[in-house]
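Have a look at my_file17.txt; it's compact mmCIF, C-alpha atoms and all ligand atoms:
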# COMPACT_ATOMS: atom_id res chain seq x y z
CA MET A 206 12.46 9.51 0.50
CA ILE A 207 9.36 8.55 2.48
CA LEU A 208 6.52 7.57 0.15
CA TYR A 209 2.95 7.84 1.42
CA ILE A 210 0.37 5.85 -0.53
CA ASN A 211 -2.98 7.26 0.54
CA SER A 212 -5.77 4.80 -0.31
CA CYS A 213 -8.36 6.52 1.84
CA VAL A 214 -11.58 7.46 0.11
CA ARG A 215 -13.56 9.65 2.51
CA ARG A 216 -12.61 13.30 2.99
CA ALA A 217 -13.04 12.86 6.77
CA SER A 218 -11.01 9.64 6.75
CA ARG A 219 -9.88 8.49 10.18
CA THR A 220 -7.36 6.15 8.60
CA HIS A 221 -5.69 9.13 6.96
CA ARG A 222 -5.64 10.95 10.32
CA LEU A 223 -3.84 8.00 11.90
CA ALA A 224 -1.39 7.84 8.98
CA ALA A 225 -0.80 11.63 9.20
CA ALA A 226 0.14 11.24 12.89
CA LEU A 227 2.66 8.54 11.96
CA LEU A 228 4.08 10.62 9.10
CA GLU A 229 4.51 13.58 11.44
CA ARG A 230 6.87 11.38 13.47
CA LEU A 231 8.71 10.03 10.41
CA GLY A 232 9.47 13.34 8.67
CA PRO A 233 9.00 14.87 5.18
CA TYR A 234 7.26 12.67 2.62
CA THR A 235 5.91 12.45 -0.91
CA GLU A 236 2.22 11.60 -1.11
CA VAL A 237 0.34 9.69 -3.79
CA THR A 238 -3.42 10.05 -3.28
CA LEU A 239 -4.82 7.11 -5.18
CA ALA A 240 -8.34 8.56 -5.49
CA ARG A 241 -6.86 11.46 -7.51
CA GLU A 242 -4.83 9.27 -9.87
CA THR A 243 -6.05 7.67 -13.10
CA LEU A 244 -5.14 4.15 -12.12
CA GLN A 245 -6.27 1.31 -14.35
CA GLY A 246 -6.40 -2.40 -13.71
CA LEU A 247 -4.57 -4.57 -16.18
CA THR A 248 -6.42 -5.66 -19.34
CA GLU A 249 -5.40 -8.10 -22.07
CA GLU A 250 -3.92 -5.20 -24.08
CA THR A 251 -2.04 -3.48 -21.24
CA LEU A 252 -0.77 -6.81 -19.94
CA ALA A 253 0.62 -7.71 -23.39
CA PHE A 254 2.21 -4.24 -23.70
CA ARG A 255 3.70 -4.51 -20.23
CA ASP A 256 5.12 -7.98 -20.97
CA ALA A 257 6.76 -6.58 -24.13
CA CYS A 258 8.32 -3.70 -22.14
CA VAL A 259 9.56 -6.10 -19.47
CA ALA A 260 11.09 -8.36 -22.15
CA ALA A 261 12.83 -5.33 -23.71
CA GLY A 262 13.89 -3.93 -20.30
CA ASP A 263 12.28 -0.61 -21.29
CA PHE A 264 10.39 0.99 -18.39
CA SER A 265 10.11 4.49 -19.87
CA ASP A 266 6.35 4.30 -20.46
CA PRO A 267 4.25 6.35 -17.97
CA MET A 268 2.45 3.13 -16.96
CA PHE A 269 5.59 2.32 -14.92
CA ARG A 270 5.73 5.63 -13.02
CA PHE A 271 4.24 4.23 -9.81
CA ALA A 272 6.51 1.15 -9.83
CA ARG A 273 9.62 3.32 -10.47
CA GLN A 274 8.69 5.64 -7.59
CA PHE A 275 7.90 2.73 -5.25
CA ALA A 276 11.22 1.01 -6.00
CA ARG A 277 13.18 4.20 -5.13
CA ALA A 278 11.50 4.97 -1.77
CA ASP A 279 13.43 4.44 1.48
CA THR A 280 10.34 4.00 3.66
CA ILE A 281 6.77 3.30 2.59
CA VAL A 282 3.57 4.17 4.42
CA ILE A 283 0.29 2.78 3.05
CA SER A 284 -3.04 3.88 4.49
CA ALA A 285 -6.24 2.00 3.70
CA PRO A 286 -9.57 1.66 5.50
CA TYR A 287 -10.76 -1.87 6.28
CA TRP A 288 -13.34 -2.63 3.62
CA ASP A 289 -15.06 -5.98 3.16
CA PHE A 290 -12.37 -7.76 5.19
CA SER A 291 -9.76 -6.22 2.90
CA PHE A 292 -8.99 -2.75 1.46
CA PRO A 293 -10.47 -0.52 -1.28
CA ALA A 294 -10.06 -1.78 -4.86
CA LEU A 295 -8.03 1.37 -5.53
CA LEU A 296 -5.16 -0.14 -3.55
CA LYS A 297 -5.42 -3.49 -5.34
CA THR A 298 -5.21 -1.63 -8.64
CA TYR A 299 -2.14 0.25 -7.40
CA LEU A 300 -0.53 -3.07 -6.37
CA GLU A 301 -1.22 -4.47 -9.85
CA ASN A 302 0.58 -1.46 -11.25
CA ILE A 303 3.68 -1.77 -9.08
CA CYS A 304 4.29 -5.53 -9.19
CA VAL A 305 6.53 -5.34 -12.25
CA THR A 306 9.23 -7.88 -13.03
CA GLY A 307 12.53 -6.12 -13.55
CA LEU A 308 11.47 -3.01 -11.62
CA THR A 309 10.20 -3.89 -8.14
CA PHE A 310 11.29 -7.56 -8.19
CA ARG A 311 12.88 -10.11 -10.47
CA TYR A 312 13.12 -13.87 -10.72
CA THR A 313 16.40 -15.64 -9.99
CA PRO A 314 17.55 -18.29 -12.50
CA GLU A 315 15.96 -20.82 -10.11
CA GLY A 316 12.63 -19.03 -10.46
CA ARG A 317 12.52 -17.48 -7.00
CA PRO A 318 11.28 -13.87 -6.67
CA GLU A 319 13.95 -11.43 -5.45
CA GLY A 320 13.26 -7.87 -4.33
CA LEU A 321 14.52 -4.80 -6.22
CA CYS A 322 13.07 -2.16 -3.89
CA ARG A 323 15.28 0.08 -1.80
CA ALA A 324 12.91 0.46 1.18
CA GLY A 325 13.82 -1.18 4.46
CA ARG A 326 10.46 -0.63 6.11
CA LEU A 327 6.78 -0.57 5.18
CA TYR A 328 3.96 0.62 7.44
CA TYR A 329 0.36 -0.43 6.80
CA VAL A 330 -2.11 1.90 8.51
CA THR A 331 -5.76 0.95 8.79
CA THR A 332 -8.93 1.58 10.78
CA ALA A 333 -11.88 -0.79 11.07
CA GLY A 334 -15.52 -0.44 12.04
CA GLY A 335 -15.44 -3.76 13.89
CA PRO A 336 -12.64 -6.12 14.97
CA TYR A 337 -9.75 -6.11 12.49
CA ARG A 338 -8.57 -9.31 10.78
CA PRO A 339 -5.27 -8.92 8.93
CA ASP A 340 -5.55 -11.95 6.64
CA PHE A 341 -6.82 -10.26 3.46
CA SER A 342 -5.12 -6.89 3.85
CA TYR A 343 -2.01 -6.44 6.02
CA ASP A 344 -0.96 -10.08 5.52
CA GLN A 345 -1.07 -9.61 1.74
CA LEU A 346 1.05 -6.45 1.95
CA ARG A 347 3.53 -8.13 4.29
CA THR A 348 3.86 -11.13 1.96
CA LEU A 349 4.33 -8.90 -1.07
CA ALA A 350 6.87 -6.74 0.78
CA GLN A 351 8.94 -9.65 2.02
CA GLN A 352 8.62 -12.13 -0.85
CA TYR A 353 8.48 -9.82 -3.89
CA PHE A 354 9.77 -6.37 -3.07
CA GLY A 355 12.57 -7.32 -0.68
CA ILE A 356 11.33 -5.01 2.08
CA PRO A 357 12.30 -6.87 5.25
CA GLU A 358 10.45 -4.93 7.94
CA THR A 359 6.68 -4.38 7.97
CA HIS A 360 4.52 -2.83 10.68
CA LEU A 361 0.77 -2.75 11.22
CA VAL A 362 -0.74 0.41 12.70
CA CYS A 363 -4.40 -0.20 13.45
CA ALA A 364 -7.39 1.32 15.23
CA GLU A 365 -10.35 -1.04 15.36
CA CYS A 366 -13.97 -1.24 16.52
CA LEU A 367 -14.56 2.43 15.66
CA ASP A 368 -18.17 1.89 14.55
CA MET A 369 -19.31 -0.51 17.25
CA ALA A 370 -22.31 0.44 19.37
CA GLY A 371 -21.12 2.21 22.51
CA SER A 372 -17.55 2.73 21.32
CA ASP A 373 -15.88 6.14 21.31
CA PRO A 374 -14.03 6.40 17.98
CA GLU A 375 -12.13 9.54 18.98
CA GLU A 376 -10.85 7.87 22.13
CA ILE A 377 -9.78 4.73 20.20
CA LEU A 378 -8.03 6.86 17.59
CA ALA A 379 -6.27 8.95 20.26
CA ALA A 380 -5.03 5.74 21.95
CA ALA A 381 -3.72 4.39 18.61
CA ILE A 382 -1.90 7.70 17.98
CA ALA A 383 -0.45 7.72 21.50
CA ALA A 384 0.85 4.17 20.93
CA LEU A 385 2.82 5.14 17.79
C1 LIG A 401 -17.41 0.09 1.78
C2 LIG A 401 -17.13 -0.18 3.23
C3 LIG A 401 -16.82 -1.47 3.65
C4 LIG A 401 -16.54 -1.71 5.01
N1 LIG A 401 -16.26 -3.01 5.41
C5 LIG A 401 -15.98 -3.25 6.71
C6 LIG A 401 -15.65 -4.59 7.15
O1 LIG A 401 -15.62 -5.55 6.38
N2 LIG A 401 -15.37 -4.78 8.47
C7 LIG A 401 -15.38 -3.74 9.37
O2 LIG A 401 -15.08 -3.97 10.55
N3 LIG A 401 -15.66 -2.47 8.98
C8 LIG A 401 -15.96 -2.20 7.68
N4 LIG A 401 -16.25 -0.91 7.27
C9 LIG A 401 -16.14 0.19 8.26
C10 LIG A 401 -14.78 0.88 8.12
O3 LIG A 401 -13.73 -0.05 8.25
C11 LIG A 401 -14.56 1.96 9.18
O4 LIG A 401 -15.64 2.87 9.24
C12 LIG A 401 -13.25 2.70 8.94
O5 LIG A 401 -12.84 3.39 10.10
C13 LIG A 401 -13.37 3.65 7.76
O6 LIG A 401 -12.16 4.33 7.59
P1 LIG A 401 -12.11 5.87 7.14
O7 LIG A 401 -12.65 6.71 8.27
O8 LIG A 401 -10.67 6.09 6.89
O9 LIG A 401 -12.94 6.00 5.89
C14 LIG A 401 -16.57 -0.64 5.93
C15 LIG A 401 -16.86 0.64 5.50
C16 LIG A 401 -17.15 0.89 4.17
C17 LIG A 401 -17.49 2.30 3.72
Whole structure given in structure tokens:
Amino acid sequence: MILYINSCVRRASRTHRLAAALLERLGPYTEVTLARETLQGLTEETLAFRDACVAAGDFSDPMFRFARQFARADTIVISAPYWDFSFPALLKTYLENICVTGLTFRYTPEGRPEGLCRAGRLYYVTTAGGPYRPDFSYDQLRTLAQQYFGIPETHLVCAECLDMAGSDPEEILAAAIAAL
């Protein structure tokens, strides 16, 4: 199963267009549109509840639905516009929800994280108004994929400088799609 995590916010999102072109090449997929989900960041109460579930090995609560789905996917595509050198808070909230010990990763007796996800590949698709810097977005996803989730292969698909004076965003987007 290909899982598409759509973190795009605008209806006319160019990042989603780029991701859609990639998905067309990859085949049928299941989409989670984060803006339509009721995602919540962890609080003292939900963190305590989650810790109790993890300790009991009981992941039946709906709060684990995203982590269960993520762990089962064969390929993962994440789209997110470049916002404030990073990505929308929606995606951070999703990541908080899927980093669950015992579901997407576990700790070895030596205390090292070990991946429990099936996926072999993760694509991070983004577009940026200016020059793109991966350090607070793609690099975080790549580190999570490789060090927590056990997803060995990650790819960045990027179209940058779309909003710069004199640039032609459609041309840049078409070139990024042609390079897929
Ligand atoms: C809230 C917000 C923050 C942004 N921050 C940055 C930024 O830090 N650097 C940058 O180059 N572009 C930034 N941009 C421009 C977007 O990265 C750019 O327009 C992108 O293509 C938007 O993707 P979309 O068409 O999928 O919404 C920002 C745009 C918004 C709305």
Enumerate as a list of chain:residue names the residues within 6 Å of ligand LIG 401 (chain A), counting all atoms listed in the file. A:Cys213, A:Arg215, A:Ser218, A:Arg219, A:Thr220, A:His221, A:Pro286, A:Tyr287, A:Trp288, A:Asp289, A:Phe290, A:Thr332, A:Ala333, A:Gly334, A:Gly335, A:Pro336, A:Leu367, A:Asp368
Just give me the gap between CA of Gly307 (chain A) and CA of Val259 (chain A) in Å, one decimal is fine.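 A separation of 6.6 Å between them.
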Which residue is closest to Asp279 (chain A)? Choose from A:Thr235, A:Gln345, A:Ser291, A:Ser372 and count only C-alpha atoms.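 Looking only at the distances to Asp279 (chain A), the closest residue turns out to be A:Thr235.
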Which one of A:Leu349, A:Ala224, A:Ala272, A:Leu308 sits closest to Asn211 (chain A) if you count all atoms listed in the file?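 Using all atoms listed in the file, Asn211 (chain A) sits closest to A:Ala224.
CA of Leu239 (chain A) lies 27.2 Å from CA of Ala380 (chain A).
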Can you pull out the residues contacting Gly316 (chain A)? Cut-off 12 Å, using only C-alpha atoms, and skip same-chain residues under 5 positions away; I want them as a PDB file with C-alpha atoms, in the frame of the given file.
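That gives us selection.pdb:
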ATOM      1  CA  THR A 306       9.230  -7.880 -13.030  1.00  0.00           C
ATOM      2  CA  PHE A 310      11.290  -7.560  -8.190  1.00  0.00           C
ATOM      3  CA  ARG A 311      12.880 -10.110 -10.470  1.00  0.00           C
TER       4      ARG A 311
END
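A straight line drawn from CA of Gly355 (chain A) to CA of Arg326 (chain A) is 9.8 Å long.
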When you count all atoms listed in the file, which of these residues is closest to Pro267 (chain A): A:Leu223, A:Leu231, A:Ile281, A:Leu244? A:Leu244
Between A:Ala225, A:Ala276, A:Ala285, A:Ile303, which one has atoms that come closest to Gly320 (chain A), using all atoms listed in the file? A:Ala276
Compare A:Asp344, A:Leu208, A:Gln351, A:Thr331 by their minimum atom-to-atom distance to Ser284 (chain A), counting only C-alpha atoms, and give me the closest one.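 Answer, going by the shortest atom-to-atom distance: A:Thr331.
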Which of A:Leu321, A:Glu376, A:Arg255, A:Glu358 sits closest to Arg273 (chain A) [using all atoms listed in the file]: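 With all atoms listed in the file as the atom set, the closest residue is A:Leu321.
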Shell of 7 Å around Leu295 (chain A), only C-alpha atoms, local chain residues under 3 positions omitted, as a VMD selection string: chain A and resid 212 239 298 to 299
Any chance you could model all heavy atoms for region 283-294 of chain A and send them as an mmCIF file, in the coordinates of the input?
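This went into part-v2.cif:
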data_model
loop_
_atom_site.group_PDB
_atom_site.id
_atom_site.type_symbol
_atom_site.label_atom_id
_atom_site.label_comp_id
_atom_site.auth_asym_id
_atom_site.auth_seq_id
_atom_site.Cartn_x
_atom_site.Cartn_y
_atom_site.Cartn_z
ATOM 1 N N ILE A 283 1.530 3.002 3.811
ATOM 2 C CA ILE A 283 0.290 2.780 3.050
ATOM 3 C C ILE A 283 -0.874 2.932 4.011
ATOM 4 O O ILE A 283 -0.893 2.291 5.071
ATOM 5 C CB ILE A 283 0.262 1.373 2.421
ATOM 6 C CG1 ILE A 283 1.400 1.222 1.406
ATOM 7 C CG2 ILE A 283 -1.086 1.101 1.761
ATOM 8 C CD1 ILE A 283 1.512 -0.170 0.794
ATOM 9 N N SER A 284 -1.829 3.787 3.669
ATOM 10 C CA SER A 284 -3.040 3.880 4.490
ATOM 11 C C SER A 284 -4.202 3.321 3.693
ATOM 12 O O SER A 284 -4.317 3.555 2.485
ATOM 13 C CB SER A 284 -3.322 5.333 4.885
ATOM 14 O OG SER A 284 -3.695 6.079 3.751
ATOM 15 N N ALA A 285 -5.063 2.560 4.370
ATOM 16 C CA ALA A 285 -6.240 2.000 3.700
ATOM 17 C C ALA A 285 -7.286 1.628 4.743
ATOM 18 O O ALA A 285 -6.976 0.914 5.700
ATOM 19 C CB ALA A 285 -5.855 0.754 2.898
ATOM 20 N N PRO A 286 -8.527 2.101 4.568
ATOM 21 C CA PRO A 286 -9.570 1.660 5.500
ATOM 22 C C PRO A 286 -9.863 0.175 5.295
ATOM 23 O O PRO A 286 -9.598 -0.385 4.226
ATOM 24 C CB PRO A 286 -10.781 2.520 5.108
ATOM 25 C CG PRO A 286 -10.536 2.944 3.693
ATOM 26 C CD PRO A 286 -9.048 3.021 3.531
ATOM 27 N N TYR A 287 -10.398 -0.444 6.320
ATOM 28 C CA TYR A 287 -10.760 -1.870 6.280
ATOM 29 C C TYR A 287 -12.115 -1.989 5.585
ATOM 30 O O TYR A 287 -13.131 -1.555 6.133
ATOM 31 C CB TYR A 287 -10.833 -2.368 7.711
ATOM 32 C CG TYR A 287 -11.015 -3.851 7.913
ATOM 33 C CD1 TYR A 287 -10.274 -4.779 7.215
ATOM 34 C CD2 TYR A 287 -11.915 -4.318 8.880
ATOM 35 C CE1 TYR A 287 -10.420 -6.141 7.459
ATOM 36 C CE2 TYR A 287 -12.063 -5.670 9.133
ATOM 37 C CZ TYR A 287 -11.315 -6.577 8.412
ATOM 38 O OH TYR A 287 -11.455 -7.920 8.666
ATOM 39 N N TRP A 288 -12.113 -2.494 4.393
ATOM 40 C CA TRP A 288 -13.340 -2.630 3.620
ATOM 41 C C TRP A 288 -13.546 -4.095 3.257
ATOM 42 O O TRP A 288 -12.659 -4.719 2.638
ATOM 43 C CB TRP A 288 -13.244 -1.822 2.316
ATOM 44 C CG TRP A 288 -13.578 -0.371 2.435
ATOM 45 C CD1 TRP A 288 -13.704 0.377 3.573
ATOM 46 C CD2 TRP A 288 -13.826 0.530 1.342
ATOM 47 N NE1 TRP A 288 -14.002 1.688 3.264
ATOM 48 C CE2 TRP A 288 -14.088 1.800 1.906
ATOM 49 C CE3 TRP A 288 -13.839 0.407 -0.049
ATOM 50 C CZ2 TRP A 288 -14.377 2.921 1.128
ATOM 51 C CZ3 TRP A 288 -14.118 1.517 -0.835
ATOM 52 C CH2 TRP A 288 -14.386 2.766 -0.241
ATOM 53 N N ASP A 289 -14.693 -4.613 3.585
ATOM 54 C CA ASP A 289 -15.060 -5.980 3.160
ATOM 55 C C ASP A 289 -13.952 -6.978 3.466
ATOM 56 O O ASP A 289 -13.534 -7.747 2.594
ATOM 57 C CB ASP A 289 -15.425 -5.968 1.656
ATOM 58 C CG ASP A 289 -16.439 -4.876 1.326
ATOM 59 O OD1 ASP A 289 -17.290 -4.591 2.188
ATOM 60 O OD2 ASP A 289 -16.354 -4.274 0.240
ATOM 61 N N PHE A 290 -13.453 -6.897 4.687
ATOM 62 C CA PHE A 290 -12.370 -7.760 5.190
ATOM 63 C C PHE A 290 -11.044 -7.507 4.464
ATOM 64 O O PHE A 290 -10.100 -8.284 4.605
ATOM 65 C CB PHE A 290 -12.736 -9.254 5.088
ATOM 66 C CG PHE A 290 -13.825 -9.651 6.042
ATOM 67 C CD1 PHE A 290 -15.139 -9.730 5.613
ATOM 68 C CD2 PHE A 290 -13.545 -9.912 7.381
ATOM 69 C CE1 PHE A 290 -16.154 -10.069 6.507
ATOM 70 C CE2 PHE A 290 -14.547 -10.252 8.273
ATOM 71 C CZ PHE A 290 -15.860 -10.332 7.829
ATOM 72 N N SER A 291 -10.976 -6.463 3.671
ATOM 73 C CA SER A 291 -9.760 -6.220 2.900
ATOM 74 C C SER A 291 -9.493 -4.706 2.840
ATOM 75 O O SER A 291 -9.533 -4.034 3.868
ATOM 76 C CB SER A 291 -9.937 -6.844 1.502
ATOM 77 O OG SER A 291 -8.780 -6.686 0.739
ATOM 78 N N PHE A 292 -9.227 -4.193 1.642
ATOM 79 C CA PHE A 292 -8.990 -2.750 1.460
ATOM 80 C C PHE A 292 -9.674 -2.301 0.181
ATOM 81 O O PHE A 292 -10.095 -3.132 -0.631
ATOM 82 C CB PHE A 292 -7.475 -2.447 1.434
ATOM 83 C CG PHE A 292 -6.644 -3.443 0.655
ATOM 84 C CD1 PHE A 292 -6.762 -3.565 -0.722
ATOM 85 C CD2 PHE A 292 -5.728 -4.263 1.308
ATOM 86 C CE1 PHE A 292 -5.994 -4.474 -1.442
ATOM 87 C CE2 PHE A 292 -4.962 -5.191 0.605
ATOM 88 C CZ PHE A 292 -5.103 -5.284 -0.776
ATOM 89 N N PRO A 293 -9.803 -0.991 -0.060
ATOM 90 C CA PRO A 293 -10.470 -0.520 -1.280
ATOM 91 C C PRO A 293 -9.776 -1.048 -2.548
ATOM 92 O O PRO A 293 -8.551 -1.204 -2.582
ATOM 93 C CB PRO A 293 -10.354 1.004 -1.186
ATOM 94 C CG PRO A 293 -10.235 1.284 0.281
ATOM 95 C CD PRO A 293 -9.450 0.134 0.840
ATOM 96 N N ALA A 294 -10.585 -1.275 -3.582
ATOM 97 C CA ALA A 294 -10.060 -1.780 -4.860
ATOM 98 C C ALA A 294 -8.986 -0.864 -5.434
ATOM 99 O O ALA A 294 -8.098 -1.318 -6.168
ATOM 100 C CB ALA A 294 -11.216 -1.933 -5.856
#
